[in-house]
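S.K.: Provided below: start_35.txt, containing compact mmCIF, C-alpha atoms.
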```txt
# COMPACT_ATOMS: atom_id res chain seq x y z
CA MET A 124 101.96 208.50 146.37
CA ALA A 125 98.96 206.64 147.69
CA ARG A 126 99.01 202.86 147.34
CA ALA A 127 96.03 200.93 145.97
CA PRO A 128 93.80 199.44 148.63
CA LYS A 129 94.57 195.83 149.56
CA PRO A 130 91.29 194.45 148.14
CA LEU A 131 92.10 196.07 144.78
CA ARG A 132 95.65 194.69 144.82
CA ARG A 133 94.34 191.22 145.56
CA ARG A 134 91.84 191.57 142.73
CA LEU A 135 94.57 192.70 140.31
CA LYS A 136 96.77 189.74 141.32
CA TRP A 137 93.81 187.43 140.81
CA TYR A 138 93.14 188.83 137.32
CA LEU A 139 96.84 188.69 136.48
CA GLY A 140 97.00 185.07 137.63
CA ILE A 141 93.99 184.16 135.48
CA LEU A 142 95.48 185.90 132.43
CA THR A 143 98.82 184.16 133.00
CA PHE A 144 97.11 180.78 133.32
CA VAL A 145 95.04 181.36 130.18
CA GLY A 146 98.11 182.50 128.25
CA VAL A 147 100.20 179.51 129.31
CA TYR A 148 97.27 177.17 128.67
CA CYS A 149 96.75 178.53 125.14
CA TRP A 150 100.48 178.42 124.41
CA ILE A 151 100.76 174.77 125.52
CA SER A 152 97.53 173.94 123.69
CA VAL A 153 98.81 175.38 120.41
CA LEU A 154 102.18 173.64 120.70
CA ALA A 155 100.60 170.30 121.58
CA THR A 156 98.01 170.54 118.82
CA ARG A 157 100.51 171.43 116.13
CA TRP A 158 102.80 168.62 117.26
CA ALA A 159 99.95 166.08 117.25
CA PHE A 160 98.72 167.15 113.81
CA THR A 161 102.10 167.25 112.08
CA SER A 162 104.21 164.51 113.64
CA LEU A 163 104.35 161.20 111.77
CA GLY A 164 106.22 159.60 114.63
CA SER A 165 108.84 157.01 113.81
CA CYS A 166 107.37 156.04 110.43
CA PRO A 167 110.17 154.10 108.67
CA GLN A 168 108.51 154.07 105.26
CA PRO A 169 110.28 155.82 102.35
CA CYS A 170 107.15 157.60 101.04
CA ARG A 171 106.42 160.16 103.79
CA ASP A 172 104.62 162.97 101.93
CA LEU A 173 102.26 162.37 99.00
CA GLY A 174 101.78 166.09 98.46
CA LEU A 175 98.69 167.90 97.18
CA GLU A 176 99.41 168.38 93.50
CA ALA A 177 96.28 168.05 91.37
CA ALA A 178 96.47 165.36 88.71
CA SER A 179 95.49 167.96 86.07
CA PRO A 180 95.48 171.81 86.16
CA GLU A 181 91.72 172.08 85.61
CA GLU A 182 91.12 170.08 88.80
CA LYS A 183 93.25 172.31 91.00
CA ASP A 184 90.35 174.06 92.74
CA LYS A 185 87.92 171.12 92.74
CA LEU A 186 87.60 167.98 94.81
CA ALA A 187 90.57 166.76 92.88
CA VAL A 188 92.35 163.52 92.32
CA TYR A 189 95.96 164.20 93.22
CA ARG A 190 99.22 163.02 91.74
CA PRO A 191 101.43 161.52 94.48
CA HIS A 192 104.92 162.96 94.95
CA CYS A 193 106.24 159.51 95.84
CA ARG A 194 105.11 155.94 95.20
CA PRO A 195 102.98 154.75 98.14
CA LEU A 196 102.84 151.13 96.93
CA ARG A 197 105.48 148.60 95.93
CA LEU A 198 104.71 145.67 93.62
CA GLU A 199 106.77 142.49 93.60
CA LEU A 200 106.30 139.76 90.99
CA GLU A 201 107.78 136.28 91.32
CA LEU A 202 107.75 133.36 88.87
CA TYR A 203 108.02 129.78 90.06
CA GLN A 204 109.93 128.91 86.88
CA PRO A 205 110.92 131.21 83.99
CA LYS A 206 109.31 128.98 81.37
CA ALA A 207 105.82 128.28 80.07
CA PRO A 208 104.14 125.79 77.71
CA ILE A 209 102.93 126.74 74.25
CA GLY A 210 99.35 126.67 73.01
CA THR A 211 97.55 126.16 76.34
CA ARG A 212 95.61 128.47 78.63
CA TYR A 213 97.42 127.25 81.77
CA THR A 214 100.90 128.71 81.52
CA LEU A 215 102.91 130.43 84.28
CA TRP A 216 102.92 130.00 88.03
CA TYR A 217 103.34 133.41 89.63
CA ARG A 218 102.92 135.38 92.85
CA ILE A 219 102.33 139.11 93.36
CA SER A 220 102.78 141.05 96.59
CA MET A 221 101.73 144.67 97.10
CA THR A 222 103.15 146.59 100.07
CA ASN A 223 102.22 149.97 101.51
CA VAL A 224 105.55 151.83 101.68
CA SER A 225 104.02 155.17 102.73
CA CYS A 226 103.12 156.82 106.04
CA TYR A 227 99.45 156.84 105.03
CA LYS A 228 96.53 154.49 105.45
CA LEU A 229 95.60 153.54 101.89
CA GLY A 230 91.96 152.77 101.10
CA ASN A 231 89.66 152.03 98.17
CA LEU A 232 91.82 149.00 97.36
CA ASP A 233 90.02 146.00 95.89
CA ALA A 234 91.08 142.57 97.15
CA SER A 235 89.30 140.82 94.25
CA ASP A 236 92.43 141.16 92.13
CA PHE A 237 94.36 139.15 94.71
CA TYR A 238 91.99 136.22 95.19
CA GLN A 239 90.37 135.99 91.73
CA THR A 240 91.76 134.80 88.41
CA ALA A 241 90.15 134.68 84.97
CA GLU A 242 88.98 131.15 85.73
CA THR A 243 87.42 131.82 89.12
CA ALA A 244 85.84 134.99 87.73
CA ALA A 245 84.28 132.89 84.97
CA MET A 246 82.74 130.71 87.68
CA GLY A 247 80.63 133.72 88.59
CA TYR A 248 82.54 134.99 91.64
CA GLY A 249 84.51 137.92 90.21
CA ARG A 250 82.23 140.94 90.05
CA ASN A 251 85.02 143.46 90.66
CA TRP A 252 87.97 141.49 89.33
CA GLY A 253 90.48 143.09 86.97
CA ARG A 254 90.03 146.77 87.87
CA GLY A 255 93.40 147.63 89.36
CA LEU A 256 96.01 144.90 89.28
CA SER A 257 97.09 143.52 85.91
CA LEU A 258 99.91 141.74 84.12
CA GLU A 259 101.65 143.14 81.06
CA ILE A 260 103.13 140.41 78.86
CA THR A 261 104.92 140.85 75.54
CA ASP A 262 105.91 138.20 73.01
CA PRO A 263 109.33 137.83 71.31
CA ASN A 264 108.35 140.49 68.76
CA GLY A 265 107.38 143.00 71.44
CA ASN A 266 103.63 142.61 70.87
CA SER A 267 101.32 142.70 73.87
CA ILE A 268 99.54 139.44 74.77
CA GLU A 269 96.00 140.45 75.62
CA PRO A 270 94.00 138.55 78.25
CA VAL A 271 91.23 136.17 77.23
CA ARG A 272 87.98 136.05 79.18
CA TYR A 273 86.22 132.69 79.40
CA ARG A 274 82.64 133.74 80.00
CA GLY A 275 81.04 130.72 78.35
CA GLN A 276 83.31 128.17 79.96
CA SER A 277 81.73 125.19 81.74
CA LYS A 278 84.80 123.20 82.88
CA PHE A 279 87.39 124.53 85.31
CA LEU A 280 90.66 123.04 86.50
CA TYR A 281 92.03 125.38 89.19
CA ASP A 282 90.37 127.17 92.08
CA GLY A 283 91.64 129.49 94.81
CA ASP A 284 93.04 128.02 98.01
CA ASN A 285 90.18 128.20 100.52
CA ASP A 286 92.41 128.48 103.60
CA ALA A 287 94.50 131.29 102.10
CA GLU A 288 91.38 133.11 100.94
CA ARG A 289 89.79 132.78 104.38
CA ALA A 290 92.95 134.18 105.99
CA LEU A 291 92.84 137.12 103.56
CA TYR A 292 89.20 137.77 104.45
CA GLU A 293 90.00 137.77 108.16
CA LYS A 294 93.10 139.95 107.85
CA PHE A 295 91.32 142.73 105.95
CA SER A 296 87.75 142.22 107.27
CA LEU A 297 86.39 141.34 103.83
CA THR A 298 82.91 140.01 103.11
CA ASP A 299 81.27 138.44 100.07
CA ALA A 300 79.49 141.75 99.49
CA ASN A 301 82.49 144.02 100.11
CA SER A 302 85.98 143.34 98.75
CA PHE A 303 87.42 146.79 99.50
CA PHE A 304 89.97 147.20 102.27
CA VAL A 305 92.46 149.55 103.93
CA LEU A 306 96.19 148.81 103.84
CA PRO A 307 98.12 150.29 106.82
CA PRO A 308 101.75 151.44 106.48
CA GLY A 309 104.17 148.54 106.11
CA GLU A 310 101.42 145.96 105.51
CA SER A 311 101.25 143.73 102.42
CA ILE A 312 98.69 141.75 100.47
CA THR A 313 99.66 138.71 98.40
CA THR A 314 97.80 136.83 95.70
CA VAL A 315 95.90 133.76 96.87
CA PRO A 316 97.55 130.59 95.49
CA SER A 317 95.74 128.11 93.25
CA THR A 318 94.65 124.58 94.06
CA LEU A 319 93.96 121.71 91.68
CA HIS A 320 90.19 121.45 92.02
CA PRO A 321 88.40 120.44 88.79
CA LEU A 322 84.82 121.68 88.61
CA GLU A 323 82.06 121.64 86.03
CA ARG A 324 79.11 123.97 85.67
CA VAL A 325 75.89 122.08 85.08
CA GLU A 326 72.28 123.07 84.79
CA ALA A 327 70.28 122.43 87.92
CA VAL A 328 66.52 122.15 88.23
CA ASP A 329 64.51 122.53 91.40
CA TRP A 330 61.75 120.03 90.68
CA SER A 331 59.62 121.31 93.55
CA THR A 332 59.39 124.80 92.03
CA GLY A 333 60.42 124.23 88.43
CA ASN A 334 63.16 126.89 88.69
CA HIS A 335 66.24 126.43 86.53
CA GLY A 336 69.75 127.45 87.51
CA GLU A 337 73.40 126.43 87.47
CA ARG A 338 75.74 124.91 90.00
CA LEU A 339 79.34 123.73 90.14
CA ILE A 340 80.06 120.06 90.75
CA PRO A 341 83.44 118.30 91.22
CA ARG A 342 84.87 116.32 88.33
CA SER A 343 87.80 113.96 87.98
CA ILE A 344 91.36 115.23 87.58
CA PRO A 345 92.35 114.99 83.91
CA PRO A 346 95.59 113.20 82.95
CA GLY A 347 98.67 115.41 82.97
CA ALA A 348 97.16 118.12 85.18
CA VAL A 349 99.93 120.02 86.99
CA VAL A 350 99.78 120.22 90.78
CA PRO A 351 100.26 123.87 91.84
CA PRO A 352 103.56 124.71 93.55
CA ALA A 353 102.98 125.98 97.10
CA GLY A 354 102.23 129.71 97.29
CA TYR A 355 101.78 130.33 93.55
CA ARG A 356 98.74 130.78 91.37
CA ILE A 357 98.15 129.93 87.75
CA LEU A 358 98.15 132.38 84.88
CA ASP A 359 95.02 131.24 83.07
CA ASP A 360 94.08 134.04 80.68
CA ARG A 361 96.98 134.19 78.17
CA VAL A 362 97.82 131.73 75.39
CA PHE A 363 101.38 131.78 74.05
CA LYS A 364 101.33 130.83 70.37
CA ARG A 365 104.99 131.13 69.38
CA PRO A 366 108.26 130.01 70.96
CA GLY A 367 110.85 132.47 72.20
CA GLU A 368 111.59 134.83 75.06
CA TYR A 369 108.71 136.76 76.62
CA THR A 370 108.61 139.54 79.22
CA ILE A 371 106.16 140.00 82.07
CA ARG A 372 105.57 142.65 84.71
CA ALA A 373 102.82 143.42 87.22
CA LYS A 374 101.07 146.78 87.06
CA PHE A 375 98.68 148.55 89.40
CA GLU A 376 96.66 151.60 88.42
CA ARG A 377 93.77 152.86 90.49
CA LYS A 378 92.34 155.89 92.26
CA ILE A 379 92.90 155.23 95.95
CA SER A 380 92.34 157.21 99.13
CA ALA A 381 95.17 158.13 101.48
CA GLU A 382 95.01 159.44 105.04
CA PRO A 383 98.17 160.35 106.98
CA VAL A 384 98.74 158.31 110.12
CA LEU A 385 99.14 160.68 113.08
CA PRO A 386 100.07 158.42 116.00
CA TYR A 387 100.11 161.18 118.62
CA TYR A 388 96.77 162.80 117.80
CA HIS A 389 94.76 160.49 120.09
CA ARG A 390 97.25 160.94 122.93
CA ILE A 391 96.57 164.67 123.32
CA PRO A 392 94.04 165.45 126.12
CA ASN A 393 90.81 166.93 124.83
CA ALA A 394 91.32 169.93 127.12
CA LEU A 395 94.41 170.94 125.13
CA LEU A 396 92.67 170.42 121.79
CA LEU A 397 89.81 172.56 123.07
CA GLY A 398 92.15 175.49 123.74
CA ALA A 399 93.40 175.63 120.16
CA ALA A 400 89.84 175.16 118.89
CA ILE A 401 88.63 178.17 120.93
CA LEU A 402 91.44 180.33 119.56
CA ASN A 403 90.55 179.19 116.05
CA LEU A 404 86.91 180.10 116.72
CA TYR A 405 87.95 183.68 117.44
CA GLY A 406 89.91 183.94 114.20
CA LEU A 407 93.34 182.97 115.53
CA ASP A 408 94.22 180.04 113.28
CA PHE A 409 96.98 178.13 115.03
CA PHE A 410 96.07 174.79 113.48
CA PRO A 411 98.49 173.33 110.94
CA ASN A 412 97.45 172.86 107.32
CA VAL A 413 94.06 171.18 107.53
CA GLU A 414 94.20 170.00 103.93
CA TRP A 415 97.36 168.00 104.58
CA ARG A 416 95.87 165.84 107.34
CA LEU A 417 92.53 165.08 105.64
CA PRO A 418 91.98 162.00 103.43
CA HIS A 419 92.51 162.64 99.72
CA ASP A 420 92.23 160.66 96.51
CA TYR A 421 95.35 159.90 94.51
CA LEU A 422 95.81 158.33 91.09
CA VAL A 423 98.47 155.71 91.76
CA GLN A 424 100.43 153.96 89.02
CA VAL A 425 103.13 151.47 90.02
CA GLN A 426 104.74 148.47 88.40
CA SER A 427 107.07 145.65 89.31
CA ARG A 428 110.43 145.00 87.74
CA GLU A 429 110.31 143.22 84.40
CA LEU A 430 110.97 139.47 84.33
CA ARG A 431 111.77 137.22 81.38
CA PHE A 432 110.64 133.69 80.62
CA ARG A 433 110.83 131.27 77.70
CA VAL A 434 108.17 129.47 75.74
CA ASP A 435 109.43 126.36 73.94
CA ARG A 436 107.80 123.78 71.75
CA PRO A 437 107.20 120.37 73.37
```
As structure tokens - that is how I would like this structure written.
M.R.:
Amino acid sequence: MARAPKPLRRRLKWYLGILTFVGVYCWISVLATRWAFTSLGSCPQPCRDLGLEAASPEEKDKLAVYRPHCRPLRLELELYQPKAPIGTRYTLWYRISMTNVSCYKLGNLDASDFYQTAETAAMGYGRNWGRGLSLEITDPNGNSIEPVRYRGQSKFLYDGDNDAERALYEKFSLTDANSFFVLPPGESITTVPSTLHPLERVEAVDWSTGNHGERLIPRSIPPGAVVPPAGYRILDDRVFKRPGEYTIRAKFERKISAEPVLPYYHRIPNALLLGAAILNLYGLDFFPNVEWRLPHDYLVQVQSRELRFRVDRP
């Protein structure tokens, strides 16, 4: 049997080598891509998979808001003392911390709830305040104590701690025009404590232009004003009218965005990602579930444990 000419054999070996290289390259590319797009690394958080279950059946095939399979956030409420005065708007000293306990970057969170109170919002600062974080308080009869808004108020006793608020702005890259932020896995945000800083809103007139406006000016500290304990802020929007044992818990309800953190994705050389992309272009879909690794919106509802405190007559 006649053997193939040497030039033909060399050409066949060359083609076979190219095919082998392409095959190995594609195989490594697919393995590397799938690993990069599915591995969460050493994420120690308990909430590892939020799932893709639509919040309601009619939203299943739309750009839905999803119901998380696990709780991505943890709320912790602390009271400085489990007691409060009766018949006054300044009652409890409390602190709330919210921690991301998922393997996702959580966005569309509003920091206003953590550095504003009813009083500072009444000063004119709180445009977005009160849209996610709230307190649920019940009286001795189990009735809910609804918050009171002080829109017409002109005298204020407590303000937010400027240093703590500045640190919060720097940590989450906040601005006066944008209070939304992203909370990475394991990170926390804590309410800004209060400071004793009496202010009064007065009418101001620019005599050069004749324009009228308002501004806040300092006023003297009234007798009996309580100095804030370090790290806590004042509850200033509930009035307790009867003595007895009350309950309080923190609640958070908001539509947030969540994007899985894939620590190895940026470590894969572009040449390997290109191989899987070329295969996908020709109809060979070796990519993992694309939906899973894209950002999605989730309706998150979490609450802290319930605490008890007493309200007594003077």
S.K.: Select all residues near (104.8, 143.9, 78.3) (cut-off 6 Å, inclusive, file coordinates), counting all atoms listed in the file, and output them as a PyMOL selection string.
M.R.: chain A and resi 259-261+267+370-371
S.K.: Choose the residue, out of A:Phe304, A:Phe375, A:Tyr421, A:Tyr217, that has the smallest atom-to-atom separation from Leu256 in chain A; count all atoms listed in the file.
M.R.: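 Closest to Leu256 in chain A, using all atoms listed in the file: A:Phe375.
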S.K.: Take CA of Ser277 in chain A and CA of Glu323 in chain A and report the distance between them in Å, one decimal.
M.R.: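 CA of Glu323 in chain A lies 5.6 Å from CA of Ser277 in chain A.
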S.K.: Ranking A:Val325, A:Val315, A:Leu358, A:Val224 by minimum distance to Asp286 in chain A and counting only C-alpha atoms, which one comes first?
M.R.: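 Closest to Asp286 in chain A of all the choices is A:Val315.
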S.K.: Enter the distance from CA of Pro437 in chain A to CA of Pro366 in chain A, in Å, rounded to one decimal.
M.R.: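 Distance between the two atoms: 10.0 Å.
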S.K.: Smallest atom-to-atom distance to Pro341 in chain A: which of A:Leu280, A:Ala353, A:Val362, A:Ala373, using only C-alpha atoms?
M.R.: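 Among the listed residues, A:Leu280 lies closest to Pro341 in chain A.
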